[in-house]
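J.: Let me give you the structure first, and then I'll get to my questions.
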Amino acid sequence: MDIDLIANILFATVRMGTPLLIVAIGELVCEKSGVLNLGQEGMMLMGAVVGFMIAFHTDSLFIGFIGAVAAGVLMALLFAVITMNFYANQVATGLALTILGVGLSGFIGRGYVGEALSSVDFQIPLLSSIPFFGKALFSHDLLVYISIGLAITVYWFFKSTRAGLVVKAVGESPESAQSLGLSVLKVRYLAIIFGGAMAGLAGGYLSLIDTPLWAENMTAGRGWIALALVVFASWRVERAVLGAYLFGFMSIMHMVLQSFGLSVSSNLLATLPYVATVVVLVLLSRNQQRIKLFAPMSLGKSFHSAH
Amino acid sequence: MRIKLEARGQHSKLMSYMSPIIAAVLTIFCGALLFWILDKPPLQTLHTFLIMPISDLYSITELLVKAGPIVLCAMGLSICFKANVWNIGAEGQLLMGGLVGSCTALWLLDAQGIWVLPVVLLAGILGGAAWAAIPAFLKNYCNTNEILSTIMLNYISLNILLHAVHGPLKDPDGFNFPESALFSDWQIMPIILEGTRLHLGVCFALLAMVAVWVLMSKTFIGFQLKVLGGDERSAHFVGFKEKRLVWLCLFICGGLAGLAGAGEVTGPIGQLVPNISPGYGYAAIIVAFLGRLHPLGILFAGLLMALLYMGGEMVQIQLDLPKAITGVFQGMLLLFLLICDVLIAYRLVIEKPLSKMIEEPLRIEPRAIAIEGK
């Protein structure tokens with residue numbers, strides 16, 4: 001096994017982990033405010049298809065990404081209205097959002113199946129010419145670095161800003177937060193919208209940079225894996241980063257195994273990220289006390305404000 | 001003037017029955033709007049989508065063929081949801097049922113006799129139940145959230161099925177197509193109505209409906225499941241065996257979904273193919289909620305869902321609209337249902353503006369003052 005191969009594996013790990021990281025960060029913020037949005041998969045798909053359609057017509061990745069984020073936000077707003085204003089069950093609404101996203105994205109994207117965007121080749125000058133590290137760490141597209149910046153920002157947000165504290169307070173006890181004069185609804189709306197924006201962005205990453213093409217159901221459960229990732233991370237940003245790359249590694253396992261000269265059915269290898277998700281969930285949730293300790297107290301419960 | 005939601009003292013029975021109907025009407029209305037935006041004549045397209053699939057006898061039998069597996073899955077899911085077990089894995093359980101059933105069928109390919117089909121179906125039931133046993137075990141002994149575990153198992157089972165159909169179960173004489181060998185006549189579901197594809201599986205769906213109704217409404221186990229779903233702590237205090245109940249509801253759901261899967265491969269398909277289900281397991285979630293988790297409601301909701309599948313195919317053939325329109329309708333249906341459901345526990349009240357309230361002088365009952373003065 002030569003050094004180039006390891007560099008390639010590292011490169012692919014980071015690349016596969018990035019969309020997971022982006023969604024997981026969005027969902028983490030959302031869950032911190034006490035809202036469980038299971039619609040990540042649907043929002044991602046909508047982001048992917050809208051981003052691709054816009055980029056295809058405008059020939060601009062940037063505008064494509066704006067479209068992707070907007071699509072994610074719109075879906076999230078739908079979720080917010082139904083759960084916050086109509087007090088609907090968050091789990092059921094999230095499921096509905098995913099079902100709608102799968103259907104709607106397949107519907108509006110049908111004419112774009114088989115089309116492709118030109119792929120981008122971005123490299124940080126100088127740094128990317130360093131042997132090994134150049135390929136593994138400095139030859140990525142911009143979004144990889146943006147996602148890391150994002151993770152750091154969210155970490156800082158929760159650790160040392162007042163607004164971060166407000167979000168956490170709302171997630172732990174909306175009643176107390178309200179009695180302190182905080183607007184639970186507003187905070188949760190913003191958190192849900194942020195989650196939607198991130199899911200849209202991640203979807204856009206898949207259809208604009210990663211593959212770059214649109215295919216029905218192309219997210220292949222990444223939205224759900226990201227949800228598991230948040231549990232895995234015990235609602236902590238730094239662990240979410242670690243987890244995202246770990247899952248990224250799991251999804252390129254076929255590349256790793258092939259490099260060892262093993263040939264295993266590609267379909268069976270494709271189950272690995274999902275199996276890993278279940279295994280990780282099992283290991284983490286065996287200790288129920290731990291989950292109770294870390295999970296936001298009001299997670300998934302609707303809040304009925306007094307007026 | 002402001003419209004606001006006010007909590008009802010008691011849940012409205014009427015609204016809980018009306019809400020699915022309102023949701024369906026709203027969905028159809030929005031669908032018409034969507035067709036209009038797409039420059040298709042809305043009424044005519046709706047006619048193609050919702051009426052044409054049931055305009056003749058053959059189409060109606062096709063509708064029943066599609067409704068069968070959906071209703072089977074939804075019946076199982078309704079038990080789980082009643083017990084507050086969020087099993088999203090009917091799709092995976094259906095696929096596993098189809099896969100295990102197919103394995104058995106291929107293994108018994110040369111066998112003859114009336115016993116062959118029941119064995120194949122039983123294998124499907126066991127396959128689905130075994131697949132559902134995984135989340136049950138994980139929930140009971142590892143506290144693993146069943147939503148995530150069942151979703152993951154859906155993806156896993158799909159990949160295992162693809163592996164099987166591309167590899168070990170591929171027909172050696174099949175020109176390398178990812179399909180198994182055709183099942184023999186002894187393994188195919190008998191046709192009920194000559195000249196159509198209406199097969200015995202539809203009767204299973206009806207039987208399941210009766211069985212689930214009896215289980216949930218007439219037995220102590222059904223009562224226990226409902227208590228568990230209503231308030232877990234009460235169930236615990238009364239001494240119901242929660243773990244056993246979780247096992248039970250997932251087993252039943254897995255078995256029914258597995259039967260649906262085995263029924264598909266031995267019924268309309270007749271062999272194992274990569275896409276044995278166009279998302280029946282997910283559609284069944286909507287059907288279960290739309291049918292108010294009640295067997296009879298599920299039957300009607302299942303027929304409606306099958307109609308959406310048929311309609312999707314119909315508008316694709318007739319009007320060149322993507323088949324994915326079915327998914328759009330499914331999503332809208334569930335979202336509207338959730339919105340309408342708010343009216344079960346709340347009522348809409350129109351708040352008078354403050355200025356008007358001031359104009360009307362506040363009348364104070366003399367008696368009230370007298371009591372207060374005491």
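Here, A, B, ... name the chains of the structure tokens in the order displayed, residue numbers run from 1 inside each chain, and ligands are numbered from 1 in the same displayed order.
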Please identify all polymer residues within 8 Å of Thr27 in chain B, counting only C-alpha atoms, omitting same-chain residues fewer than 5 positions from it, and present them as a VMD selection string.

T.: chain B and resid 329 332 to 333 336

J.: Set the cut-off to 7 Å and count only C-alpha atoms: what are the residues of chain A that reach chain B? Output as a list in words.

T.: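 Every residue of chain A that passes the 7 Å test is in Ile82, Phe86, Tyr87, Ala88, Thr93, Ala96, Leu97, Ile99, Leu100, Val102, Gly103, Leu104, Gly106, Phe107, Arg110, Ala228, Ser265, Asn267, Leu268, Ala270, Thr271, Tyr274, Val278, Leu281, Val282, Ser285, Arg286 and Gln288 of chain A.
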
J.: Would you save the residues of that selection, restricted to C-alpha atoms, as a PDB file, in the first residue's frame?

T.:
ATOM      1  CA  ILE A  82     -46.666  23.081  10.821  1.00  0.00           C
ATOM      2  CA  PHE A  86     -50.105  24.129  14.278  1.00  0.00           C
ATOM      3  CA  TYR A  87     -48.492  22.156  17.118  1.00  0.00           C
ATOM      4  CA  ALA A  88     -48.153  19.073  14.907  1.00  0.00           C
ATOM      5  CA  THR A  93     -44.026  16.198  10.287  1.00  0.00           C
ATOM      6  CA  ALA A  96     -43.836  13.966   5.909  1.00  0.00           C
ATOM      7  CA  LEU A  97     -41.224  16.526   4.909  1.00  0.00           C
ATOM      8  CA  ILE A  99     -41.652  12.008   1.817  1.00  0.00           C
ATOM      9  CA  LEU A 100     -42.596  15.304   0.184  1.00  0.00           C
ATOM     10  CA  VAL A 102     -38.322  12.738  -2.161  1.00  0.00           C
ATOM     11  CA  GLY A 103     -41.418  13.072  -4.338  1.00  0.00           C
ATOM     12  CA  LEU A 104     -41.093  16.735  -5.218  1.00  0.00           C
ATOM     13  CA  GLY A 106     -37.973  13.522  -8.273  1.00  0.00           C
ATOM     14  CA  PHE A 107     -40.838  15.345  -9.915  1.00  0.00           C
ATOM     15  CA  ARG A 110     -36.939  14.517 -14.006  1.00  0.00           C
ATOM     16  CA  ALA A 228     -27.697   9.532  13.917  1.00  0.00           C
ATOM     17  CA  SER A 265     -19.812  -7.370  -3.532  1.00  0.00           C
ATOM     18  CA  ASN A 267     -23.850  -3.848  -2.814  1.00  0.00           C
ATOM     19  CA  LEU A 268     -22.814  -5.448   0.430  1.00  0.00           C
ATOM     20  CA  ALA A 270     -22.677  -0.155   0.320  1.00  0.00           C
ATOM     21  CA  THR A 271     -24.462  -1.289   3.490  1.00  0.00           C
ATOM     22  CA  TYR A 274     -25.766   2.114   7.523  1.00  0.00           C
ATOM     23  CA  VAL A 278     -26.711   1.189  13.749  1.00  0.00           C
ATOM     24  CA  LEU A 281     -26.232   4.080  17.868  1.00  0.00           C
ATOM     25  CA  VAL A 282     -26.320   0.849  19.813  1.00  0.00           C
ATOM     26  CA  SER A 285     -27.524   4.529  23.540  1.00  0.00           C
ATOM     27  CA  ARG A 286     -26.920   1.493  25.715  1.00  0.00           C
ATOM     28  CA  GLN A 288     -29.527   5.719  28.713  1.00  0.00           C
TER      29      GLN A 288
END

J.: So that I can see what lies close to range 90-100 of chain B, please list as a ChimeraX atom specification the residues with an atom at most 7 Å from it, counting only C-alpha atoms and leaving out residues fewer than 6 positions away in the same chain.

T.: /B:73,123-125,127-128,131-132,153-154,157-158,161,254,257-262,265,279-282

J.: Selection from above, N, CA and C atoms, as an mmCIF file, in the first residue's frame, can you write it?

T.:
data_model
loop_
_atom_site.group_PDB
_atom_site.id
_atom_site.type_symbol
_atom_site.label_atom_id
_atom_site.label_comp_id
_atom_site.auth_asym_id
_atom_site.auth_seq_id
_atom_site.Cartn_x
_atom_site.Cartn_y
_atom_site.Cartn_z
ATOM 1 N N CYS B 73 -49.014 -3.732 5.063
ATOM 2 C CA CYS B 73 -47.975 -3.012 5.811
ATOM 3 C C CYS B 73 -48.603 -2.025 6.792
ATOM 4 N N ALA B 123 -42.216 -18.450 4.770
ATOM 5 C CA ALA B 123 -40.816 -18.014 4.810
ATOM 6 C C ALA B 123 -40.756 -16.492 4.713
ATOM 7 N N GLY B 124 -41.599 -15.916 3.854
ATOM 8 C CA GLY B 124 -41.634 -14.457 3.729
ATOM 9 C C GLY B 124 -42.032 -13.798 5.035
ATOM 10 N N ILE B 125 -43.065 -14.366 5.672
ATOM 11 C CA ILE B 125 -43.517 -13.810 6.951
ATOM 12 C C ILE B 125 -42.390 -13.854 7.975
ATOM 13 N N GLY B 127 -39.209 -14.047 7.382
ATOM 14 C CA GLY B 127 -38.140 -13.127 6.988
ATOM 15 C C GLY B 127 -38.432 -11.710 7.453
ATOM 16 N N GLY B 128 -39.649 -11.264 7.197
ATOM 17 C CA GLY B 128 -40.020 -9.913 7.618
ATOM 18 C C GLY B 128 -39.991 -9.772 9.125
ATOM 19 N N TRP B 131 -36.523 -9.611 10.442
ATOM 20 C CA TRP B 131 -35.913 -8.302 10.174
ATOM 21 C C TRP B 131 -36.434 -7.261 11.171
ATOM 22 N N ALA B 132 -37.721 -7.388 11.526
ATOM 23 C CA ALA B 132 -38.297 -6.457 12.500
ATOM 24 C C ALA B 132 -37.811 -6.774 13.908
ATOM 25 N N LEU B 153 -32.052 0.033 8.588
ATOM 26 C CA LEU B 153 -32.305 -1.345 8.138
ATOM 27 C C LEU B 153 -33.010 -1.361 6.787
ATOM 28 N N ASN B 154 -33.787 -0.325 6.491
ATOM 29 C CA ASN B 154 -34.397 -0.241 5.157
ATOM 30 C C ASN B 154 -33.317 -0.179 4.092
ATOM 31 N N SER B 157 -31.433 -3.539 3.922
ATOM 32 C CA SER B 157 -32.149 -4.634 3.265
ATOM 33 C C SER B 157 -32.210 -4.413 1.758
ATOM 34 N N LEU B 158 -32.347 -3.151 1.340
ATOM 35 C CA LEU B 158 -32.376 -2.885 -0.105
ATOM 36 C C LEU B 158 -31.061 -3.323 -0.741
ATOM 37 N N LEU B 161 -30.811 -7.088 -0.898
ATOM 38 C CA LEU B 161 -31.653 -7.583 -1.995
ATOM 39 C C LEU B 161 -30.950 -7.382 -3.336
ATOM 40 N N GLY B 254 -43.659 -6.825 11.199
ATOM 41 C CA GLY B 254 -42.678 -7.430 10.296
ATOM 42 C C GLY B 254 -43.279 -8.585 9.527
ATOM 43 N N ALA B 257 -45.663 -7.214 6.868
ATOM 44 C CA ALA B 257 -44.904 -6.604 5.772
ATOM 45 C C ALA B 257 -44.181 -7.682 4.971
ATOM 46 N N GLY B 258 -43.665 -8.690 5.685
ATOM 47 C CA GLY B 258 -42.993 -9.790 5.000
ATOM 48 C C GLY B 258 -43.953 -10.545 4.095
ATOM 49 N N LEU B 259 -45.177 -10.733 4.593
ATOM 50 C CA LEU B 259 -46.195 -11.387 3.771
ATOM 51 C C LEU B 259 -46.484 -10.549 2.530
ATOM 52 N N ALA B 260 -46.530 -9.226 2.722
ATOM 53 C CA ALA B 260 -46.760 -8.345 1.572
ATOM 54 C C ALA B 260 -45.645 -8.516 0.541
ATOM 55 N N GLY B 261 -44.408 -8.594 1.030
ATOM 56 C CA GLY B 261 -43.277 -8.746 0.117
ATOM 57 C C GLY B 261 -43.318 -10.076 -0.613
ATOM 58 N N ALA B 262 -43.554 -11.149 0.162
ATOM 59 C CA ALA B 262 -43.629 -12.474 -0.454
ATOM 60 C C ALA B 262 -44.797 -12.525 -1.427
ATOM 61 N N VAL B 265 -43.680 -10.922 -4.809
ATOM 62 C CA VAL B 265 -42.815 -11.715 -5.699
ATOM 63 C C VAL B 265 -43.537 -12.952 -6.226
ATOM 64 N N GLY B 279 -41.843 1.740 -2.927
ATOM 65 C CA GLY B 279 -42.012 2.522 -1.709
ATOM 66 C C GLY B 279 -43.299 2.235 -0.968
ATOM 67 N N TYR B 280 -43.845 1.023 -1.103
ATOM 68 C CA TYR B 280 -45.086 0.669 -0.401
ATOM 69 C C TYR B 280 -44.936 0.837 1.106
ATOM 70 N N GLY B 281 -43.771 0.474 1.620
ATOM 71 C CA GLY B 281 -43.561 0.539 3.063
ATOM 72 C C GLY B 281 -43.621 1.956 3.596
ATOM 73 N N TYR B 282 -43.133 2.908 2.805
ATOM 74 C CA TYR B 282 -43.208 4.306 3.227
ATOM 75 C C TYR B 282 -44.627 4.830 3.053
#

J.: With only C-alpha atoms as the counted atoms, please give the residues lying no more than 10 Å from range 301-305 of chain B, apart from itself and same-chain residues fewer than 2 positions off, as a ChimeraX atom specification.

T.: /B:20,24,50,63-75,280,283-284,286-292,295-299,307-311,326,329-330,333

J.: Please produce a file of those selected residues containing C-alpha atoms, as a short mmCIF file (atom, residue, chain, number, x, y, z; two decimals), in the first residue's frame.

T.:
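Listed below is the output, result.cif:
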data_model
loop_
_atom_site.label_atom_id
_atom_site.label_comp_id
_atom_site.auth_asym_id
_atom_site.auth_seq_id
_atom_site.Cartn_x
_atom_site.Cartn_y
_atom_site.Cartn_z
CA PRO B 20 -58.42 12.97 6.64
CA ALA B 24 -57.58 14.66 0.87
CA LEU B 50 -57.96 9.96 -10.11
CA LEU B 63 -56.02 -1.02 -7.89
CA LEU B 64 -56.73 -3.87 -5.49
CA VAL B 65 -53.48 -5.59 -6.46
CA LYS B 66 -51.59 -2.44 -5.49
CA ALA B 67 -53.65 -1.77 -2.38
CA GLY B 68 -52.99 -5.28 -1.01
CA PRO B 69 -49.37 -4.87 0.08
CA ILE B 70 -49.92 -1.27 1.20
CA VAL B 71 -52.83 -2.25 3.44
CA LEU B 72 -50.91 -5.24 4.84
CA CYS B 73 -47.98 -3.01 5.81
CA ALA B 74 -50.21 -0.26 7.16
CA MET B 75 -52.15 -2.72 9.35
CA TYR B 280 -45.09 0.67 -0.40
CA ALA B 283 -46.63 4.88 1.70
CA ALA B 284 -48.04 2.62 4.40
CA ILE B 286 -49.14 7.75 5.45
CA VAL B 287 -51.94 5.22 5.06
CA ALA B 288 -51.79 4.26 8.73
CA PHE B 289 -52.10 7.88 9.85
CA LEU B 290 -54.68 8.76 7.22
CA GLY B 291 -56.77 5.77 8.30
CA ARG B 292 -56.63 6.99 11.91
CA PRO B 295 -58.40 -1.10 10.35
CA LEU B 296 -61.39 0.08 8.37
CA GLY B 297 -59.94 3.54 7.91
CA ILE B 298 -56.68 1.99 6.76
CA LEU B 299 -58.53 -0.02 4.16
CA LEU B 307 -55.13 5.12 -6.58
CA LEU B 308 -52.31 7.66 -6.30
CA TYR B 309 -49.85 5.04 -7.58
CA MET B 310 -52.15 4.11 -10.45
CA GLY B 311 -52.78 7.75 -11.23
CA THR B 326 -47.31 10.22 -6.77
CA PHE B 329 -49.30 13.86 -3.63
CA GLN B 330 -48.21 11.51 -0.83
CA LEU B 333 -51.49 14.36 1.87
#

J.: Please identify which residues in range 23-61 of chain A DSSP calls helix (DSSP H, G or I) from the backbone, and express them as number ranges by chain.

T.: A: 23-32, 40-58, 61

J.: Could the residues in this selection be written to a file with C-alpha atoms, as a PDB file, in the first residue's frame?

T.:
ATOM      1  CA  VAL A  23     -26.207  18.585   7.623  1.00  0.00           C
ATOM      2  CA  ALA A  24     -25.222  17.370  11.065  1.00  0.00           C
ATOM      3  CA  ILE A  25     -24.217  20.880  12.149  1.00  0.00           C
ATOM      4  CA  GLY A  26     -27.536  22.258  10.954  1.00  0.00           C
ATOM      5  CA  GLU A  27     -29.505  19.545  12.722  1.00  0.00           C
ATOM      6  CA  LEU A  28     -27.409  19.951  15.839  1.00  0.00           C
ATOM      7  CA  VAL A  29     -28.322  23.621  16.131  1.00  0.00           C
ATOM      8  CA  CYS A  30     -31.948  22.746  15.449  1.00  0.00           C
ATOM      9  CA  GLU A  31     -32.002  20.042  18.123  1.00  0.00           C
ATOM     10  CA  LYS A  32     -30.219  22.296  20.589  1.00  0.00           C
ATOM     11  CA  GLN A  40     -33.205  16.363   6.665  1.00  0.00           C
ATOM     12  CA  GLU A  41     -33.309  13.869   3.832  1.00  0.00           C
ATOM     13  CA  GLY A  42     -36.137  15.728   2.111  1.00  0.00           C
ATOM     14  CA  MET A  43     -34.538  19.138   2.564  1.00  0.00           C
ATOM     15  CA  MET A  44     -31.218  17.829   1.236  1.00  0.00           C
ATOM     16  CA  LEU A  45     -32.864  16.378  -1.840  1.00  0.00           C
ATOM     17  CA  MET A  46     -34.686  19.616  -2.543  1.00  0.00           C
ATOM     18  CA  GLY A  47     -31.444  21.530  -2.111  1.00  0.00           C
ATOM     19  CA  ALA A  48     -29.691  19.134  -4.454  1.00  0.00           C
ATOM     20  CA  VAL A  49     -32.265  19.317  -7.213  1.00  0.00           C
ATOM     21  CA  VAL A  50     -32.930  23.059  -7.053  1.00  0.00           C
ATOM     22  CA  GLY A  51     -29.223  23.841  -6.839  1.00  0.00           C
ATOM     23  CA  PHE A  52     -28.527  21.661  -9.824  1.00  0.00           C
ATOM     24  CA  MET A  53     -31.349  23.123 -11.898  1.00  0.00           C
ATOM     25  CA  ILE A  54     -30.278  26.692 -11.215  1.00  0.00           C
ATOM     26  CA  ALA A  55     -26.589  26.014 -11.763  1.00  0.00           C
ATOM     27  CA  PHE A  56     -27.445  24.210 -14.981  1.00  0.00           C
ATOM     28  CA  HIS A  57     -29.294  27.203 -16.375  1.00  0.00           C
ATOM     29  CA  THR A  58     -27.133  29.996 -15.034  1.00  0.00           C
ATOM     30  CA  LEU A  61     -22.115  27.328  -9.109  1.00  0.00           C
TER      31      LEU A  61
END

J.: From a backbone DSSP assignment, name each residue in range 208-370 of chain B labelled strand (DSSP E or B), as a PyMOL selection string.

T.: chain B and resi 346-351

J.: Pick out the closest residue to Glu264 in chain B from this set: B:Val202, B:Val246, B:Ile350, B:Leu38. Count only C-alpha atoms.

T.: B:Val202

J.: Please provide the set of residues having any atom within 12 Å of Phe247 in chain A, restricted to only C-alpha atoms, with same-chain residues fewer than 2 positions apart removed, written as a PyMOL selection string.

T.: chain A and resi 12-21+24+222+225-226+228-229+232+240-245+249-253+271-280

J.: Could you save those same residues with C-alpha atoms as an mmCIF file, in the first residue's frame?

T.:
data_model
loop_
_atom_site.group_PDB
_atom_site.id
_atom_site.type_symbol
_atom_site.label_atom_id
_atom_site.label_comp_id
_atom_site.auth_asym_id
_atom_site.auth_seq_id
_atom_site.Cartn_x
_atom_site.Cartn_y
_atom_site.Cartn_z
ATOM 1 C CA ALA A 12 -12.063 10.809 -0.314
ATOM 2 C CA THR A 13 -12.851 10.524 3.402
ATOM 3 C CA VAL A 14 -12.920 14.280 3.824
ATOM 4 C CA ARG A 15 -14.938 14.681 0.667
ATOM 5 C CA MET A 16 -17.555 12.132 1.699
ATOM 6 C CA GLY A 17 -17.650 13.457 5.231
ATOM 7 C CA THR A 18 -18.263 17.068 4.255
ATOM 8 C CA PRO A 19 -21.964 16.866 3.304
ATOM 9 C CA LEU A 20 -22.610 14.814 6.433
ATOM 10 C CA LEU A 21 -20.815 17.405 8.510
ATOM 11 C CA ALA A 24 -25.222 17.370 11.065
ATOM 12 C CA ARG A 222 -27.253 10.809 4.281
ATOM 13 C CA ILE A 225 -27.132 9.240 8.916
ATOM 14 C CA ALA A 226 -26.621 12.863 9.899
ATOM 15 C CA ALA A 228 -27.697 9.532 13.917
ATOM 16 C CA LEU A 229 -24.493 11.518 13.848
ATOM 17 C CA PHE A 232 -23.346 10.013 18.167
ATOM 18 C CA ALA A 240 -19.884 15.807 15.095
ATOM 19 C CA VAL A 241 -16.822 16.738 13.029
ATOM 20 C CA LEU A 242 -15.076 13.565 14.092
ATOM 21 C CA GLY A 243 -18.164 11.487 13.434
ATOM 22 C CA ALA A 244 -18.750 12.968 9.995
ATOM 23 C CA TYR A 245 -15.295 11.993 8.809
ATOM 24 C CA PHE A 249 -14.461 6.799 5.776
ATOM 25 C CA MET A 250 -17.101 4.095 6.117
ATOM 26 C CA SER A 251 -18.667 5.061 2.812
ATOM 27 C CA ILE A 252 -15.386 4.745 0.904
ATOM 28 C CA MET A 253 -14.621 1.386 2.471
ATOM 29 C CA THR A 271 -24.462 -1.289 3.490
ATOM 30 C CA LEU A 272 -21.431 -0.412 5.617
ATOM 31 C CA PRO A 273 -22.285 3.210 6.464
ATOM 32 C CA TYR A 274 -25.766 2.114 7.523
ATOM 33 C CA VAL A 275 -24.495 -0.829 9.535
ATOM 34 C CA ALA A 276 -21.933 1.454 11.132
ATOM 35 C CA THR A 277 -24.707 3.903 12.010
ATOM 36 C CA VAL A 278 -26.711 1.189 13.749
ATOM 37 C CA VAL A 279 -23.652 -0.116 15.580
ATOM 38 C CA VAL A 280 -22.673 3.347 16.741
#

J.: Have a look at CA of Ala205 in chain B and CA of Ser277 in chain B and let me know their distance in Å, one decimal.

T.: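 It comes out at 16.4 Å.
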
J.: Near Leu46 in chain B, within 12 Å and counting only C-alpha atoms, which residues show up once chain neighbours fewer than 5 positions away are dropped, as a ChimeraX atom specification?

T.: /B:27-36,40-41,51-53,307-308,311-312,314-315,318-319,325,329

J.: Given the selection you just returned, output its residues as a file containing C-alpha atoms, formatted as a JSON list (two decimals), in the first residue's frame.

T.:
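Once written, out10.json looks like this:
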[["chain", "number", "residue", "atom", "x", "y", "z"],
["B", 27, "THR", "CA", -54.40, 17.70, -1.56],
["B", 28, "ILE", "CA", -56.54, 17.28, -4.64],
["B", 29, "PHE", "CA", -57.06, 21.04, -4.80],
["B", 30, "CYS", "CA", -53.33, 21.72, -4.54],
["B", 31, "GLY", "CA", -52.72, 18.99, -7.10],
["B", 32, "ALA", "CA", -55.05, 20.78, -9.51],
["B", 33, "LEU", "CA", -53.14, 23.97, -8.82],
["B", 34, "LEU", "CA", -49.89, 22.18, -9.58],
["B", 35, "PHE", "CA", -51.28, 20.86, -12.87],
["B", 36, "TRP", "CA", -52.44, 24.36, -13.74],
["B", 40, "LYS", "CA", -51.93, 21.06, -18.04],
["B", 41, "PRO", "CA", -55.71, 21.46, -17.94],
["B", 51, "ILE", "CA", -60.89, 8.72, -12.21],
["B", 52, "MET", "CA", -59.39, 6.93, -15.18],
["B", 53, "PRO", "CA", -57.51, 4.38, -13.04],
["B", 307, "LEU", "CA", -55.13, 5.12, -6.58],
["B", 308, "LEU", "CA", -52.31, 7.66, -6.30],
["B", 311, "GLY", "CA", -52.78, 7.75, -11.23],
["B", 312, "GLY", "CA", -49.06, 8.47, -11.33],
["B", 314, "MET", "CA", -51.65, 6.98, -15.83],
["B", 315, "VAL", "CA", -50.55, 10.61, -16.13],
["B", 318, "GLN", "CA", -51.23, 9.83, -21.05],
["B", 319, "LEU", "CA", -49.82, 13.27, -20.35],
["B", 325, "ILE", "CA", -46.09, 13.04, -9.02],
["B", 329, "PHE", "CA", -49.30, 13.86, -3.63]]

J.: Write out as a list of chain:residue names which residues come within 7 Å of Gln90 in chain A when counting only C-alpha atoms, dropping same-chain ones fewer than 3 positions away.

T.: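 Close residues of Gln90 in chain A: A:Leu36, A:Asn37, A:Thr83, A:Thr93, A:Gly94, A:Gly300.
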
J.: Limited to N, CA and C atoms, could you put the picked residues into a file as a compact mmCIF listing (two decimals), in the first residue's frame?

T.:
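Once written, out-v7.txt looks like this:
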# COMPACT_ATOMS: atom_id res chain seq x y z
N LEU A 36 -36.81 18.55 16.89
CA LEU A 36 -36.30 17.38 16.19
C LEU A 36 -36.87 17.39 14.78
N ASN A 37 -36.03 17.71 13.81
CA ASN A 37 -36.51 17.76 12.43
C ASN A 37 -36.00 16.54 11.67
N THR A 83 -45.15 22.63 12.68
CA THR A 83 -44.89 22.17 14.04
C THR A 83 -45.03 23.28 15.07
N THR A 93 -44.22 15.13 11.26
CA THR A 93 -44.03 16.20 10.29
C THR A 93 -42.69 16.05 9.56
N GLY A 94 -41.66 15.67 10.31
CA GLY A 94 -40.36 15.46 9.69
C GLY A 94 -40.42 14.36 8.65
N GLY A 300 -38.07 17.52 20.75
CA GLY A 300 -39.18 16.84 20.11
C GLY A 300 -40.54 17.16 20.69

J.: Tell me, in Å to one decimal, how far CA of Val170 in chain A is from CA of Arg236 in chain A.

T.: 16.7 Å

J.: Give me, please, the distance in Å between CA of Leu228 in chain B and CA of Glu242 in chain B, quoted to one decimal.

T.: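 CA of Glu242 in chain B lies at a distance of 7.2 Å from CA of Leu228 in chain B.
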